[in-house]
$ cat model.cif   # mmCIF, C-alpha atoms
data_run
loop_
_atom_site.label_atom_id
_atom_site.label_comp_id
_atom_site.auth_asym_id
_atom_site.auth_seq_id
_atom_site.Cartn_x
_atom_site.Cartn_y
_atom_site.Cartn_z
CA MET U 209 -1.86 -65.83 -7.72
CA PRO U 210 -1.16 -63.78 -10.89
CA ALA U 211 -1.10 -60.58 -8.79
CA ALA U 212 2.26 -61.44 -7.17
CA PRO U 213 4.40 -61.13 -10.35
CA ARG U 214 2.71 -57.78 -11.16
CA THR U 215 3.46 -56.51 -7.67
CA ASN U 216 7.11 -57.55 -7.93
CA ARG U 217 7.34 -55.86 -11.33
CA ASN U 218 5.93 -52.61 -9.96
CA ARG U 219 8.43 -52.68 -7.11
CA LEU U 220 11.24 -53.24 -9.60
CA ILE U 221 10.08 -50.31 -11.72
CA LEU U 222 9.89 -48.10 -8.64
CA ILE U 223 13.41 -49.12 -7.57
CA LEU U 224 14.73 -48.39 -11.10
CA ILE U 225 13.04 -44.95 -11.12
CA ILE U 226 14.58 -44.13 -7.74
CA ILE U 227 18.03 -45.24 -8.94
CA ILE U 228 17.67 -43.20 -12.14
CA CYS U 229 16.52 -40.12 -10.21
CA VAL U 230 19.39 -40.41 -7.71
CA SER U 231 21.82 -40.88 -10.57
CA MET U 232 20.41 -37.88 -12.46
CA VAL U 233 20.62 -35.69 -9.37
CA THR U 234 24.16 -36.83 -8.70
CA LEU U 235 25.21 -36.17 -12.31
CA TYR U 236 23.40 -32.80 -12.28
CA ILE U 237 25.21 -31.71 -9.15
CA ARG U 238 28.62 -32.86 -10.39
CA GLU U 239 28.45 -31.53 -13.94
CA SER U 240 29.26 -27.97 -14.93
CA ASP U 241 26.71 -25.28 -15.87
CA ASP U 242 27.22 -26.11 -19.53
CA GLY U 243 26.49 -29.82 -19.02
CA PRO U 244 23.70 -31.66 -20.90
CA LEU U 245 21.39 -31.89 -17.89
CA HIS U 246 21.64 -28.14 -17.29
CA ASN U 247 20.91 -27.52 -20.96
CA VAL U 248 17.85 -29.76 -20.79
CA GLN U 249 16.66 -27.87 -17.70
CA GLY U 250 17.09 -24.52 -19.48
CA PHE U 251 15.18 -25.84 -22.52
CA PHE U 252 12.17 -26.85 -20.45
CA LEU U 253 12.27 -23.60 -18.48
CA ASP U 254 12.21 -21.59 -21.72
CA LEU U 255 9.45 -23.83 -23.05
CA PHE U 256 7.13 -23.45 -20.07
CA SER U 257 7.98 -19.86 -19.07
CA PRO U 258 5.35 -18.23 -21.39
CA VAL U 259 2.76 -20.67 -20.11
CA GLY U 260 3.64 -19.73 -16.53
CA ARG U 261 3.40 -16.03 -17.28
CA ALA U 262 0.02 -16.47 -18.95
CA PHE U 263 -1.16 -18.55 -16.02
CA THR U 264 -0.02 -15.82 -13.62
CA ARG U 265 -1.79 -13.06 -15.62
CA VAL U 266 -5.04 -15.03 -15.65
CA PHE U 267 -5.14 -16.17 -12.07
CA SER U 268 -3.33 -13.28 -10.30
CA PRO U 269 -6.38 -10.92 -10.39
CA ILE U 270 -8.53 -13.73 -9.03
CA LYS U 271 -6.05 -14.36 -6.23
CA ASP U 272 -5.82 -10.62 -5.48
CA GLY U 273 -9.60 -10.39 -5.45
CA PHE U 274 -9.87 -13.13 -2.86
CA VAL U 275 -7.11 -11.52 -0.78
CA ASN U 276 -8.82 -8.11 -0.91
CA LEU U 277 -12.14 -9.71 -0.05
CA VAL U 278 -10.59 -11.33 3.02
CA HIS U 279 -8.94 -8.07 4.09
CA LEU U 280 -11.85 -5.79 3.11
CA PRO U 281 -13.10 -5.14 6.68
CA SER U 282 -9.66 -4.16 7.94
CA LEU U 283 -9.02 -2.02 4.83
CA SER U 284 -12.33 -0.18 5.32
CA LYS U 285 -11.43 0.49 8.95
CA GLU U 286 -7.98 1.79 7.96
CA LYS U 287 -9.55 4.03 5.31
CA ALA U 288 -12.01 5.48 7.83
CA GLU U 289 -9.18 6.11 10.29
CA LEU U 290 -7.08 7.83 7.61
CA GLU U 291 -10.01 10.00 6.53
CA LYS U 292 -10.61 11.03 10.13
CA GLU U 293 -6.92 11.83 10.57
CA VAL U 294 -6.95 13.98 7.41
CA ALA U 295 -10.08 15.79 8.60
CA ASP U 296 -8.50 16.43 12.01
CA LEU U 297 -5.32 17.77 10.41
CA ARG U 298 -7.35 20.03 8.10
CA ARG U 299 -9.37 21.37 11.03
CA GLU U 300 -6.23 21.98 13.07
CA ARG U 301 -4.68 23.85 10.16
CA LEU U 302 -7.75 26.06 9.75
CA GLU U 303 -7.83 26.73 13.50
CA ALA U 304 -4.15 27.64 13.42
CA ARG U 305 -4.76 30.05 10.55
CA GLY U 306 -7.71 31.57 12.41
CA LEU U 307 -5.64 32.04 15.56
CA GLU U 308 -2.83 33.57 13.52
CA ALA U 309 -5.22 36.05 11.87
CA GLU U 310 -6.82 36.92 15.21
CA ASN U 311 -3.42 37.43 16.83
CA GLU U 312 -2.41 39.73 13.98
CA GLU U 313 -5.66 41.69 14.35
CA LEU U 314 -5.16 42.04 18.11
CA LYS U 315 -1.58 43.16 17.54
CA GLU U 316 -2.74 45.86 15.12
CA LEU U 317 -5.42 47.01 17.58
CA LEU U 318 -2.81 47.23 20.33
CA GLU U 319 -0.50 49.28 18.12
CA PHE U 320 -3.40 51.58 17.19
CA SER U 321 -4.39 52.12 20.83
CA GLU U 322 -0.77 52.95 21.67
CA THR U 323 -0.67 55.61 18.94
CA GLN U 324 -3.91 57.12 20.29
CA ALA U 325 -2.63 57.72 23.81
CA GLU U 326 -5.21 60.45 24.43
CA LEU U 327 -8.05 57.97 23.92
CA GLU U 328 -8.93 55.41 26.58
CA THR U 329 -10.25 52.26 24.91
CA VAL U 330 -11.67 48.86 25.83
CA GLY U 331 -11.14 45.83 23.60
CA ALA U 332 -14.13 43.64 22.76
CA ASN U 333 -14.98 40.60 20.66
CA ILE U 334 -17.85 40.54 18.18
CA VAL U 335 -20.25 37.76 19.22
CA GLY U 336 -23.27 38.47 17.00
CA GLN U 337 -24.43 40.21 13.87
CA SER U 338 -27.74 41.37 12.45
CA PRO U 339 -29.07 38.69 10.06
CA ASP U 340 -31.05 41.02 7.73
CA ASN U 341 -30.21 43.77 5.25
CA TRP U 342 -32.41 46.41 6.90
CA GLN U 343 -30.15 46.83 9.89
CA ARG U 344 -26.38 46.87 10.14
CA LEU U 345 -25.76 45.93 13.77
CA MET U 346 -23.19 43.91 15.71
CA ILE U 347 -23.11 42.64 19.30
CA ILE U 348 -19.92 42.81 21.38
CA ASN U 349 -19.08 40.94 24.60
CA LYS U 350 -18.42 44.03 26.74
CA GLY U 351 -20.98 46.29 28.45
CA SER U 352 -21.56 48.70 31.30
CA SER U 353 -19.45 46.58 33.69
CA SER U 354 -16.46 47.52 31.48
CA GLY U 355 -17.34 51.22 31.45
CA ILE U 356 -19.14 51.21 28.11
CA LYS U 357 -22.00 53.68 27.63
CA LYS U 358 -24.49 54.53 24.93
CA TYR U 359 -23.22 56.53 21.91
CA MET U 360 -19.56 55.67 22.49
CA ALA U 361 -17.54 55.25 19.28
CA VAL U 362 -16.32 51.84 18.13
CA VAL U 363 -13.15 51.65 16.03
CA THR U 364 -10.40 49.38 14.68
CA GLU U 365 -6.93 50.22 13.45
CA GLN U 366 -8.49 50.70 9.99
CA GLY U 367 -10.97 53.33 11.10
CA LEU U 368 -14.48 53.99 12.37
CA VAL U 369 -16.81 51.01 12.79
CA GLY U 370 -19.84 52.68 14.37
CA ARG U 371 -21.15 53.55 17.82
CA ILE U 372 -22.94 51.95 20.74
CA ILE U 373 -26.74 52.25 20.66
CA SER U 374 -27.71 49.81 23.43
CA VAL U 375 -25.83 48.65 26.53
CA GLY U 376 -26.23 45.68 28.86
CA SER U 377 -24.11 44.67 31.80
CA ARG U 378 -21.82 42.40 29.77
CA SER U 379 -22.76 43.12 26.17
CA ALA U 380 -23.63 46.01 23.88
CA VAL U 381 -25.10 46.64 20.42
CA VAL U 382 -23.02 48.49 17.83
CA GLN U 383 -24.70 50.42 15.02
CA LEU U 384 -22.36 50.31 12.01
CA ILE U 385 -21.73 53.44 9.95
CA THR U 386 -23.29 51.57 7.00
CA ASP U 387 -26.67 51.38 8.79
CA SER U 388 -29.27 53.62 7.13
CA ARG U 389 -30.08 55.25 10.49
CA SER U 390 -26.45 56.17 11.16
CA GLY U 391 -25.13 59.72 10.79
CA VAL U 392 -21.65 60.89 11.80
CA GLY U 393 -19.99 64.29 11.47
CA ALA U 394 -17.19 64.05 8.87
CA ARG U 395 -14.73 66.17 6.89
CA SER U 396 -12.30 65.88 4.00
CA LEU U 397 -8.72 65.49 5.14
CA ARG U 398 -7.54 67.51 2.12
CA SER U 399 -10.00 70.40 1.86
CA ARG U 400 -11.43 70.29 5.41
CA GLU U 401 -14.95 70.53 3.92
CA THR U 402 -17.43 69.27 6.53
CA GLY U 403 -20.68 67.38 6.37
CA ILE U 404 -22.41 64.20 7.50
CA VAL U 405 -21.61 60.60 6.58
CA GLU U 406 -24.86 58.64 6.29
CA GLY U 407 -25.34 54.88 6.04
CA ARG U 408 -27.22 53.32 3.11
CA ASN U 409 -27.50 49.66 4.19
CA GLU U 410 -24.86 48.98 1.54
CA GLU U 411 -21.12 48.46 1.51
CA THR U 412 -20.55 52.16 0.88
CA VAL U 413 -21.75 55.28 2.74
CA ARG U 414 -22.77 58.73 1.54
CA PHE U 415 -21.12 62.01 2.47
CA VAL U 416 -23.50 64.97 2.50
CA PRO U 417 -21.43 68.20 2.44
CA MET U 418 -22.55 71.32 4.26
CA LYS U 419 -22.09 73.40 1.07
CA GLU U 420 -23.45 72.70 -2.38
CA ASP U 421 -20.16 73.75 -4.01
CA ALA U 422 -17.96 71.87 -1.54
CA ASP U 423 -14.41 71.09 -2.67
CA ILE U 424 -14.59 67.31 -2.76
CA LYS U 425 -12.68 65.05 -5.16
CA VAL U 426 -12.54 61.31 -5.87
CA GLY U 427 -9.79 59.83 -3.73
CA ASP U 428 -10.24 62.26 -0.83
CA ILE U 429 -9.86 60.64 2.58
CA MET U 430 -12.76 61.30 4.92
CA GLU U 431 -12.36 61.40 8.70
CA THR U 432 -14.58 62.24 11.66
CA SER U 433 -14.95 65.95 12.32
CA GLY U 434 -15.98 65.71 15.97
CA LEU U 435 -19.06 67.86 15.29
CA GLY U 436 -21.99 66.61 17.35
CA GLY U 437 -19.75 65.31 20.12
CA THR U 438 -20.55 61.62 19.80
CA VAL U 439 -17.38 60.61 17.95
CA PRO U 440 -13.90 62.13 18.56
CA PRO U 441 -12.34 63.99 15.61
CA GLY U 442 -9.59 62.61 13.38
CA ILE U 443 -10.76 58.97 13.08
CA ALA U 444 -10.48 57.65 9.52
CA ILE U 445 -13.77 56.74 7.82
CA GLY U 446 -12.99 55.95 4.19
CA ARG U 447 -12.09 57.22 0.75
CA VAL U 448 -14.31 59.01 -1.79
CA SER U 449 -15.01 56.44 -4.52
CA GLN U 450 -17.62 58.24 -6.62
CA LEU U 451 -18.76 61.83 -7.17
CA LYS U 452 -21.94 62.92 -8.95
CA LYS U 453 -22.85 66.48 -9.74
CA ARG U 454 -26.56 67.05 -9.20
CA ALA U 455 -28.85 69.63 -10.75
CA SER U 456 -28.95 73.10 -9.22
CA GLY U 457 -30.59 73.15 -5.82
CA MET U 458 -29.79 69.51 -5.08
CA ALA U 459 -27.01 68.25 -2.84
CA LEU U 460 -23.82 66.81 -4.30
CA PHE U 461 -23.77 62.99 -4.21
CA VAL U 462 -20.52 61.73 -2.71
CA GLU U 463 -19.98 57.99 -2.28
CA VAL U 464 -17.40 56.89 0.30
CA LYS U 465 -15.95 53.39 0.63
CA PRO U 466 -15.16 52.70 4.31
CA PHE U 467 -11.67 51.53 5.23
CA VAL U 468 -13.09 48.95 7.65
CA GLU U 469 -13.92 45.54 6.18
CA PHE U 470 -17.03 44.82 8.23
CA SER U 471 -17.43 41.22 7.03
CA LYS U 472 -14.00 40.30 8.45
CA LEU U 473 -14.33 41.95 11.86
CA SER U 474 -13.77 39.86 14.97
CA ASN U 475 -12.26 42.36 17.45
CA VAL U 476 -12.91 46.07 18.03
CA LEU U 477 -12.05 48.90 20.41
CA VAL U 478 -14.63 51.01 22.20
CA ILE U 479 -13.52 54.59 22.95
CA ILE U 480 -14.28 55.18 26.63
CA THR U 481 -12.87 58.69 26.88
CA PRO U 482 -13.63 61.29 25.84
CA GLU U 483 -17.28 60.48 26.51
CA PRO U 484 -20.03 61.59 24.10
CA GLU U 485 -21.23 65.12 24.87
CA SER U 486 -24.05 66.31 22.63
CA VAL U 487 -27.37 65.14 24.04
CA ILE U 488 -29.35 67.04 21.41
CA LEU U 489 -27.65 65.26 18.53
CA LYS U 490 -27.93 61.91 20.28
CA GLU U 491 -31.67 62.20 20.78
CA ALA U 492 -32.19 63.49 17.23
CA GLN U 493 -30.44 60.44 15.81
#
$ encode --input "model.cif" --output "structure tokens"
Amino acid sequence: MPAAPRTNRNRLILILIIIICVSMVTLYIRESDDGPLHNVQGFFLDLFSPVGRAFTRVFSPIKDGFVNLVHLPSLSKEKAELEKEVADLRRERLEARGLEAENEELKELLEFSETQAELETVGANIVGQSPDNWQRLMIINKGSSSGIKKYMAVVTEQGLVGRIISVGSRSAVVQLITDSRSGVGARSLRSRETGIVEGRNEETVRFVPMKEDADIKVGDIMETSGLGGTVPPGIAIGRVSQLKKRASGMALFVEVKPFVEFSKLSNVLVIITPEPESVILKEAQ
């Protein structure tokens, strides 16, 4: 029986607490911002605010870690998608730059062919290149079906590239002027001294003048002379970059840097007419 008074007392305490709470809330709502209850609230907020901030600093990384762990699969997928999108955009940009460069090259070739109205040419793309240093050859995607024949000259708007040495129905092999087996009749644009431009399997070629005391200077522009009949005259070859006087009885060493940048070639023109004429020189070379 002693439990009944205790139960009644607990109920009374609960009723008193409810009354006090309701009264406090009512007073809090009715009083001004400067009232005692508002001041007490501010005191406790100031008292526990540092504790709350410390609690947040300690447990926030843990909470973030759990959140990241839950979202890790979706984040990894988003990262992969973003990386793919970046790669696609980079590839598209490079392709756009390549197309822009190719369009500019084709435009320059067209302008060159228009200035050389007396020459009939066929445009071709380079589809292959010799992989070793002993031969300087390129393969183009045009052949006999386009009117291309052996020994025809190959040029760009910059100058002479080489000549055809082998022809198929839809492809042909171009021997570059830098090939050690190449030899083309050439002359100085300034002094008109003639000779042969020979390849060296290097970036530069050698001009061998017909005379030992030939009037050749560094900076002279060399062009085709037309001698031999395989390449039309007046096509730019390059500029004299080095000149070495040899001992008496030995030929003058003249180094020529070609105007054509062979490593950057993608399109060329093959001169269809006039056709090569000298069979003797062809067979000798």
$ resolve_selection --input "model.cif" --expression "the PyMOL selection byres ((chain U and resi 425) around 10)" --output "PyMOL selection string"
chain U and resi 396+398-399+422-424+426-429+447-451+462
$ closest_residue --input "model.cif" --among "U:Arg378, U:Lys358, U:Arg414, U:Lys453" --to "Gly391 in chain U" --atoms "all atoms listed in the file"
U:Arg414
$ residues_around --input "model.cif" --residues "Pro440 in chain U" --least-positions-apart "6" --cutoff "8 Å" --atoms "only C-alpha atoms" --output "PDB file with C-alpha atoms, keeping the file's coordinate frame"
ATOM      1  CA  ALA U 361     -17.540  55.250  19.280  1.00  0.00           C
ATOM      2  CA  THR U 432     -14.580  62.240  11.660  1.00  0.00           C
ATOM      3  CA  SER U 433     -14.950  65.950  12.320  1.00  0.00           C
ATOM      4  CA  GLY U 434     -15.980  65.710  15.970  1.00  0.00           C
ATOM      5  CA  PRO U 482     -13.630  61.290  25.840  1.00  0.00           C
TER       6      PRO U 482
END
$ resolve_selection --input "model.cif" --expression "the PyMOL selection byres ((chain U and resi 403) around 10)" --output "list in words"
Gly391, Val392, Gly393, Ala394, Arg395, Ser396, Arg400, Glu401, Thr402, Ile404, Val405, Glu406, Phe415, Val416, Pro417, Met418, Lys419, Ala422, Thr432, Ser433 and Leu435 of chain U
$ atom_distance --input "model.cif" --atom1 "CA of Ile480 in chain U" --atom2 "CA of Thr329 in chain U"
5.3 Å
$ residues_around --input "model.cif" --residues "Ser338 in chain U" --least-positions-apart "5" --cutoff "10 Å" --atoms "only C-alpha atoms" --output "ChimeraX atom specification"
/U:343-347,381,383
$ atom_distance --input "model.cif" --atom1 "CA of Val375 in chain U" --atom2 "CA of Ser352 in chain U"
6.4 Å
$ resolve_selection --input "model.cif" --expression "the PyMOL selection byres ((chain U and resi 410-413) around 6)" --output "tab-separated table (two decimals) with C-alpha atoms, keeping the file's coordinate frame"
chain	number	residue	atom	x	y	z
U	386	THR	CA	-23.29	51.57	7.00
U	406	GLU	CA	-24.86	58.64	6.29
U	407	GLY	CA	-25.34	54.88	6.04
U	408	ARG	CA	-27.22	53.32	3.11
U	409	ASN	CA	-27.50	49.66	4.19
U	414	ARG	CA	-22.77	58.73	1.54
U	463	GLU	CA	-19.98	57.99	-2.28
U	464	VAL	CA	-17.40	56.89	0.30
U	465	LYS	CA	-15.95	53.39	0.63
$ atom_distance --input "model.cif" --atom1 "CA of Gly355 in chain U" --atom2 "CA of Leu368 in chain U"
19.5 Å
$ residues_around --input "model.cif" --residues "Val369 in chain U" --least-positions-apart "2" --cutoff "9 Å" --atoms "only C-alpha atoms" --output "list of chain:residue names"
U:Ala361, U:Val362, U:Val363, U:Thr364, U:Gln366, U:Gly367, U:Arg371, U:Val382, U:Gln383, U:Leu384, U:Ile385, U:Thr386, U:Ile445, U:Pro466, U:Val468, U:Phe470, U:Val476
